[in-house]
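For reference, upload-v3.pdb (PDB, C-alpha atoms):
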ATOM      1  CA  MET I   1      -9.240 -22.970  22.039
ATOM      2  CA  ARG I   2      -6.240 -21.604  23.927
ATOM      3  CA  LYS I   3      -4.077 -21.796  20.772
ATOM      4  CA  SER I   4      -6.545 -19.688  18.794
ATOM      5  CA  LEU I   5      -6.666 -17.096  21.587
ATOM      6  CA  ILE I   6      -2.875 -16.857  21.602
ATOM      7  CA  PHE I   7      -2.834 -16.659  17.802
ATOM      8  CA  LEU I   8      -5.384 -13.845  17.747
ATOM      9  CA  LEU I   9      -3.531 -11.935  20.449
ATOM     10  CA  ALA I  10      -0.278 -12.233  18.467
ATOM     11  CA  LEU I  11      -2.083 -11.123  15.311
ATOM     12  CA  ALA I  12      -3.507  -8.107  17.138
ATOM     13  CA  LEU I  13      -0.048  -7.072  18.342
ATOM     14  CA  ILE I  14       1.413  -7.432  14.828
ATOM     15  CA  VAL I  15      -1.372  -5.290  13.374
ATOM     16  CA  LEU I  16      -0.772  -2.624  16.019
ATOM     17  CA  ALA I  17       2.956  -2.599  15.280
ATOM     18  CA  PHE I  18       2.334  -2.311  11.514
ATOM     19  CA  VAL I  19      -0.092   0.574  11.900
ATOM     20  CA  THR I  20       2.317   2.445  14.160
ATOM     21  CA  VAL I  21       5.109   2.137  11.581
ATOM     22  CA  ASP I  22       2.737   3.049   8.721
ATOM     23  CA  ALA I  23       1.454   6.163  10.487
ATOM     24  CA  LYS I  24       5.022   7.388  11.116
ATOM     25  CA  THR I  25       6.131   6.946   7.491
ATOM     26  CA  LYS I  26       3.083   8.276   5.634
ATOM     27  CA  HIS I  27       4.655  11.668   4.864
ATOM     28  CA  HIS I  28       7.361  10.058   2.716
ATOM     29  CA  PHE I  29       4.909   9.365  -0.092
ATOM     30  CA  VAL I  30       4.261  12.985  -0.978
ATOM     31  CA  SER I  31       7.374  13.413  -3.114
ATOM     32  CA  THR I  32       8.153  11.108  -5.977
ATOM     33  CA  THR I  33      11.591   9.779  -6.823
ATOM     34  CA  TYR I  34      12.376   7.972 -10.063
ATOM     35  CA  ASP I  35      15.515   6.123 -11.044
ATOM     36  CA  TYR I  36      16.660   6.997 -14.570
ATOM     37  CA  ASN I  37      20.049   7.044 -16.263
ATOM     38  CA  ASP I  38      21.881   5.742 -13.208
ATOM     39  CA  GLY I  39      20.643   8.619 -11.062
ATOM     40  CA  ASP I  40      17.719   9.552  -8.894
ATOM     41  CA  LEU I  41      15.282  12.022 -10.388
ATOM     42  CA  SER I  42      13.127  13.771  -7.791
ATOM     43  CA  ILE I  43       9.870  15.457  -8.687
ATOM     44  CA  ASP I  44       8.411  17.560  -5.879
ATOM     45  CA  PHE I  45       6.162  20.544  -5.397
ATOM     46  CA  GLU I  46       7.325  23.639  -3.569
ATOM     47  CA  GLY I  47       4.073  25.506  -3.227
ATOM     48  CA  SER I  48       2.604  25.506  -6.721
ATOM     49  CA  THR I  49       5.984  25.167  -8.445
ATOM     50  CA  LEU I  50       7.007  21.759  -9.720
ATOM     51  CA  VAL I  51      10.703  21.183  -8.970
ATOM     52  CA  ILE I  52      12.727  18.458 -10.682
ATOM     53  CA  THR I  53      16.214  17.679  -9.417
ATOM     54  CA  CYS I  54      18.842  14.998  -9.629
ATOM     55  CA  ASP I  55      19.488  13.743  -6.121
ATOM     56  CA  TYR I  56      23.237  13.427  -6.688
ATOM     57  CA  ASP I  57      23.558  16.844  -8.367
ATOM     58  CA  ASP I  58      22.577  20.019  -6.503
ATOM     59  CA  TYR I  59      23.365  22.151  -9.516
ATOM     60  CA  ASP I  60      20.681  21.229 -12.078
ATOM     61  CA  VAL I  61      17.151  22.293 -11.159
ATOM     62  CA  VAL I  62      14.160  22.250 -13.492
ATOM     63  CA  GLU I  63      11.082  24.195 -12.439
ATOM     64  CA  ILE I  64       7.618  24.543 -13.909
ATOM     65  CA  ASN I  65       5.346  27.094 -12.299
ATOM     66  CA  ALA I  66       1.538  27.237 -12.269
ATOM     67  CA  GLU I  67       1.635  29.456 -15.381
ATOM     68  CA  TYR I  68       3.430  26.594 -17.208
ATOM     69  CA  GLU I  69       6.681  28.491 -17.522
ATOM     70  CA  LEU I  70       9.772  26.285 -17.698
ATOM     71  CA  TYR I  71      13.022  27.230 -15.959
ATOM     72  CA  VAL I  72      16.324  25.377 -16.039
ATOM     73  CA  ASN I  73      18.748  26.530 -13.364
ATOM     74  CA  ASP I  74      16.730  29.738 -12.839
ATOM     75  CA  GLU I  75      16.801  30.591 -16.554
ATOM     76  CA  GLU I  76      13.451  30.763 -18.363
ATOM     77  CA  ILE I  77      13.292  28.563 -21.440
ATOM     78  CA  LYS I  78      11.394  29.945 -24.440
ATOM     79  CA  LEU I  79       8.976  27.357 -25.777
ATOM     80  CA  ASP I  80       7.160  26.840 -29.051
ATOM     81  CA  GLU I  81       3.473  25.838 -29.009
ATOM     82  CA  VAL I  82       4.121  22.083 -28.949
ATOM     83  CA  GLU I  83       6.691  22.386 -26.161
ATOM     84  CA  GLN I  84       4.360  24.666 -24.206
ATOM     85  CA  GLU I  85       1.584  22.079 -24.457
ATOM     86  CA  LEU I  86       3.964  19.332 -23.299
ATOM     87  CA  VAL I  87       5.055  21.435 -20.308
ATOM     88  CA  LYS I  88       1.386  22.007 -19.451
ATOM     89  CA  GLU I  89       0.618  18.276 -19.751
ATOM     90  CA  PHE I  90       3.622  17.369 -17.603
ATOM     91  CA  TYR I  91       2.701  19.881 -14.903
ATOM     92  CA  ASP I  92      -0.985  18.911 -14.880
ATOM     93  CA  GLN I  93      -0.173  15.193 -14.812
ATOM     94  CA  SER I  94       2.256  15.782 -11.929
ATOM     95  CA  VAL I  95      -0.492  17.581  -9.999
ATOM     96  CA  GLU I  96      -2.845  14.671 -10.662
ATOM     97  CA  VAL I  97      -0.269  12.097  -9.509
ATOM     98  CA  GLU I  98       0.350  14.076  -6.320
ATOM     99  CA  ARG I  99      -3.398  14.269  -5.588
ATOM    100  CA  SER I 100      -3.829  10.566  -6.215
ATOM    101  CA  VAL I 101      -0.887   9.664  -3.987
ATOM    102  CA  LYS I 102      -2.174  11.857  -1.153
ATOM    103  CA  LYS I 103      -5.616  10.241  -1.414
ATOM    104  CA  ILE I 104      -4.215   6.723  -1.377
ATOM    105  CA  VAL I 105      -1.981   7.524   1.595
ATOM    106  CA  ALA I 106      -4.993   8.852   3.500
ATOM    107  CA  GLU I 107      -6.976   5.726   2.640
ATOM    108  CA  GLY I 108      -4.049   3.531   3.659
ATOM    109  CA  VAL I 109      -3.849   5.257   7.019
ATOM    110  CA  ARG I 110      -7.618   4.855   7.455
ATOM    111  CA  ILE I 111      -7.357   1.118   6.713
ATOM    112  CA  GLY I 112      -4.377   0.843   9.056
ATOM    113  CA  LEU I 113      -6.364   2.504  11.822
ATOM    114  CA  LYS I 114      -9.219   0.065  11.213
ATOM    115  CA  GLY I 115      -6.666  -2.723  11.625
ATOM    116  CA  ALA I 116      -5.401  -1.201  14.858
ATOM    117  CA  LYS I 117      -8.962  -0.864  16.110
ATOM    118  CA  LEU I 118      -9.519  -4.519  15.271
ATOM    119  CA  GLY I 119      -6.351  -5.391  17.171
ATOM    120  CA  LEU I 120      -7.581  -3.548  20.234
ATOM    121  CA  LYS I 121     -10.976  -5.168  19.861
ATOM    122  CA  ALA I 122      -9.266  -8.558  19.686
ATOM    123  CA  ILE I 123      -7.475  -7.896  22.948
ATOM    124  CA  GLY I 124     -10.770  -6.862  24.552
ATOM    125  CA  GLY I 125     -12.474  -9.908  23.050
ATOM    126  CA  LEU I 126      -9.904 -12.186  24.646
ATOM    127  CA  PHE I 127     -10.751 -10.813  28.069
ATOM    128  CA  LYS I 128     -14.465 -10.955  27.290
ATOM    129  CA  ALA I 129     -14.166 -14.612  26.235
ATOM    130  CA  ALA I 130     -12.173 -15.440  29.343
ATOM    131  CA  LEU I 131     -14.511 -13.681  31.765
ATOM    132  CA  THR I 132     -18.036 -14.057  30.288
ATOM    133  CA  SER I 133     -20.220 -16.466  28.352
ATOM    134  CA  TYR I 134     -18.891 -14.991  25.117
ATOM    135  CA  THR I 135     -17.275 -18.022  23.478
ATOM    136  CA  THR I 136     -14.110 -18.253  21.470
ATOM    137  CA  ASP I 137     -16.273 -19.288  18.496
ATOM    138  CA  ASP I 138     -18.223 -16.030  18.862
ATOM    139  CA  PHE I 139     -14.957 -14.171  19.177
ATOM    140  CA  GLU I 140     -13.407 -15.800  16.100
ATOM    141  CA  ARG I 141     -16.545 -15.177  14.012
ATOM    142  CA  ASP I 142     -16.595 -11.486  14.931
ATOM    143  CA  MET I 143     -12.882 -11.057  14.247
ATOM    144  CA  GLU I 144     -13.050 -12.877  10.897
ATOM    145  CA  TRP I 145     -15.959 -10.731   9.707
ATOM    146  CA  GLU I 146     -14.154  -7.480  10.536
ATOM    147  CA  ALA I 147     -10.851  -8.760   9.140
ATOM    148  CA  GLU I 148     -12.581  -9.619   5.838
ATOM    149  CA  GLU I 149     -13.905  -6.062   5.645
ATOM    150  CA  ILE I 150     -10.385  -4.689   6.119
ATOM    151  CA  GLU I 151      -9.015  -7.099   3.498
ATOM    152  CA  TYR I 152     -11.659  -5.912   1.032
ATOM    153  CA  ASP I 153     -10.679  -2.291   1.668
ATOM    154  CA  ALA I 154      -7.031  -3.224   1.120
ATOM    155  CA  ARG I 155      -7.851  -4.877  -2.234
ATOM    156  CA  VAL I 156      -9.707  -1.732  -3.344
ATOM    157  CA  LEU I 157      -6.696   0.333  -2.306
ATOM    158  CA  GLU I 158      -4.404  -1.933  -4.317
ATOM    159  CA  ARG I 159      -6.533  -1.379  -7.445
ATOM    160  CA  LYS I 160      -6.266   2.371  -6.910
ATOM    161  CA  ALA I 161      -2.489   2.056  -6.584
ATOM    162  CA  LYS I 162      -2.370   0.319  -9.977
ATOM    163  CA  LYS I 163      -4.171   3.321 -11.479
ATOM    164  CA  ILE I 164      -1.468   5.572 -10.032
ATOM    165  CA  GLU I 165       1.145   3.401 -11.744
ATOM    166  CA  LYS I 166      -0.547   4.166 -15.073
ATOM    167  CA  GLN I 167      -0.569   7.886 -14.242
ATOM    168  CA  VAL I 168       3.164   7.750 -13.500
ATOM    169  CA  ASP I 169       3.795   5.868 -16.757
ATOM    170  CA  LEU I 170       2.012   8.656 -18.641
ATOM    171  CA  LEU I 171       4.072  11.242 -16.742
ATOM    172  CA  GLU I 172       7.246   9.425 -17.770
ATOM    173  CA  ASP I 173       6.150   9.347 -21.424
ATOM    174  CA  ILE I 174       5.511  13.105 -21.372
ATOM    175  CA  GLY I 175       8.894  13.642 -19.663
ATOM    176  CA  ILE I 176      10.665  11.666 -22.367
ATOM    177  CA  GLU I 177       8.973  13.690 -25.078
ATOM    178  CA  LEU I 178       9.842  16.948 -23.291
ATOM    179  CA  THR I 179      13.488  15.970 -22.996
ATOM    180  CA  ASP I 180      13.628  14.919 -26.658
ATOM    181  CA  ARG I 181      12.249  18.310 -27.782
ATOM    182  CA  ILE I 182      13.998  20.770 -25.447
ATOM    183  CA  PRO I 183      17.804  20.952 -25.775
ATOM    184  CA  GLU I 184      18.294  22.502 -22.307
ATOM    185  CA  LEU I 185      16.695  19.432 -20.745
ATOM    186  CA  GLN I 186      18.911  17.081 -22.742
ATOM    187  CA  GLU I 187      21.936  18.511 -20.942
ATOM    188  CA  ILE I 188      20.695  17.245 -17.569
ATOM    189  CA  GLU I 189      22.069  13.741 -17.054
ATOM    190  CA  CYS I 190      19.364  12.211 -14.867
ATOM    191  CA  LEU I 191      16.386  13.247 -17.011
ATOM    192  CA  TRP I 192      14.691  10.760 -19.233
TER
END
What would you get if you wrote out this structure as structure tokens?
Amino acid sequence: MRKSLIFLLALALIVLAFVTVDAKTKHHFVSTTYDYNDGDLSIDFEGSTLVITCDYDDYDVVEINAEYELYVNDEEIKLDEVEQELVKEFYDQSVEVERSVKKIVAEGVRIGLKGAKLGLKAIGGLFKAALTSYTTDDFERDMEWEAEEIEYDARVLERKAKKIEKQVDLLEDIGIELTDRIPELQEIECLW
């Protein structure tokens, strides 16, 4: 009985520590960084403009604005119909990836907070079990039920993350096609 109380207390403290770290780092998921051609390719939004840069090269900047205009190093690139459609697809898919990532981060934080709440409840349950007729069996049953609910939420979140992976794969495919078609993009080393 005492061992399970100590175990649950330790588990509660670990959960609290994890949630604290997770809450502090959540903002790092908003931008996306890819590793291609031995360099880091960053895809971020500045307002409604999609900005693509190579992390090791401050010179080359690719921008796509909300009107689907493509700029390379501040110079507008004239596009044919197929290229224009690819730029539109790339921009729209990037917007969708960003939305999906923001949603999953928010859900992850919500699940983390549920875990922290469970940790606090576990600490309170330990005192309740020590000071009242509430037994450790009652305590363990209550904790297991709530922990299973959090685990279910985490599995759902994992499935959503796999969908984001597919969105990013599609984004990469469109990026490759864009680079193959537009000579100005081929000159940038870190692009697909």
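For the residues I:Asp153, I:Asp92, I:Tyr71, I:Glu83, ranking by smallest atom-to-atom distance to Asp180 in chain I using only C-alpha atoms places I:Glu83 first.
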Could you tell me, as number ranges by chain, exactly which residues end up selected when the PyMOL selection byres ((chain I and resi 161) around 12) is applied to this structure? I: 97, 100-105, 107-108, 154-160, 162-168
The residue from I:Val51, I:Leu113, I:Ala122, I:Leu171 with the smallest atom-to-atom distance to Glu96 in chain I, counting all atoms listed in the file, is I:Leu171
Can you pull out the residues contacting Thr53 in chain I? Cut-off 6 Å, using all atoms listed in the file, and skip same-chain residues under 6 positions away; I want them as JSON, numbers by chain. {"I": [41, 42, 61]}
Between I:Val95, I:Ile182, I:Cys190, I:Ile174, smallest distance to Ile77 in chain I by only C-alpha atoms belongs to I:Ile182
Students should find that CA of Val62 in chain I and CA of Ala106 in chain I are spaced 28.9 Å
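Taking all atoms listed in the file into account, Ile52 in chain I lies nearest to I:Val72 out of the set I:Val72, I:Ala66, I:Val109, I:Ile150.
Using only C-alpha atoms, the nearest neighbour of Glu184 in chain I within the list I:Leu50, I:Ala147, I:Leu79, I:Tyr152 is I:Leu79.
For the pair CA of Arg181 in chain I and CA of Tyr91 in chain I, the separation is 16.1 Å.
If you measure from each of I:Thr135, I:Gln93, I:Gln84, I:Gln186 to Asp60 in chain I using only C-alpha atoms, the closest one turns out to be I:Gln186.
Here CA of Asp169 in chain I stands at a distance of 11.1 Å from CA of Ser94 in chain I.
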Assuming 3 Å of padding per side, give the centre and edge lengths of the axis-aligned box around every listed atom of range 143-157 of chain I, in Å to one decimal and as AutoDock Vina command-line options.
--center_x -11.3 --center_y -6.3 --center_z 5.5 --size_x 15.3 --size_y 19.2 --size_z 23.6
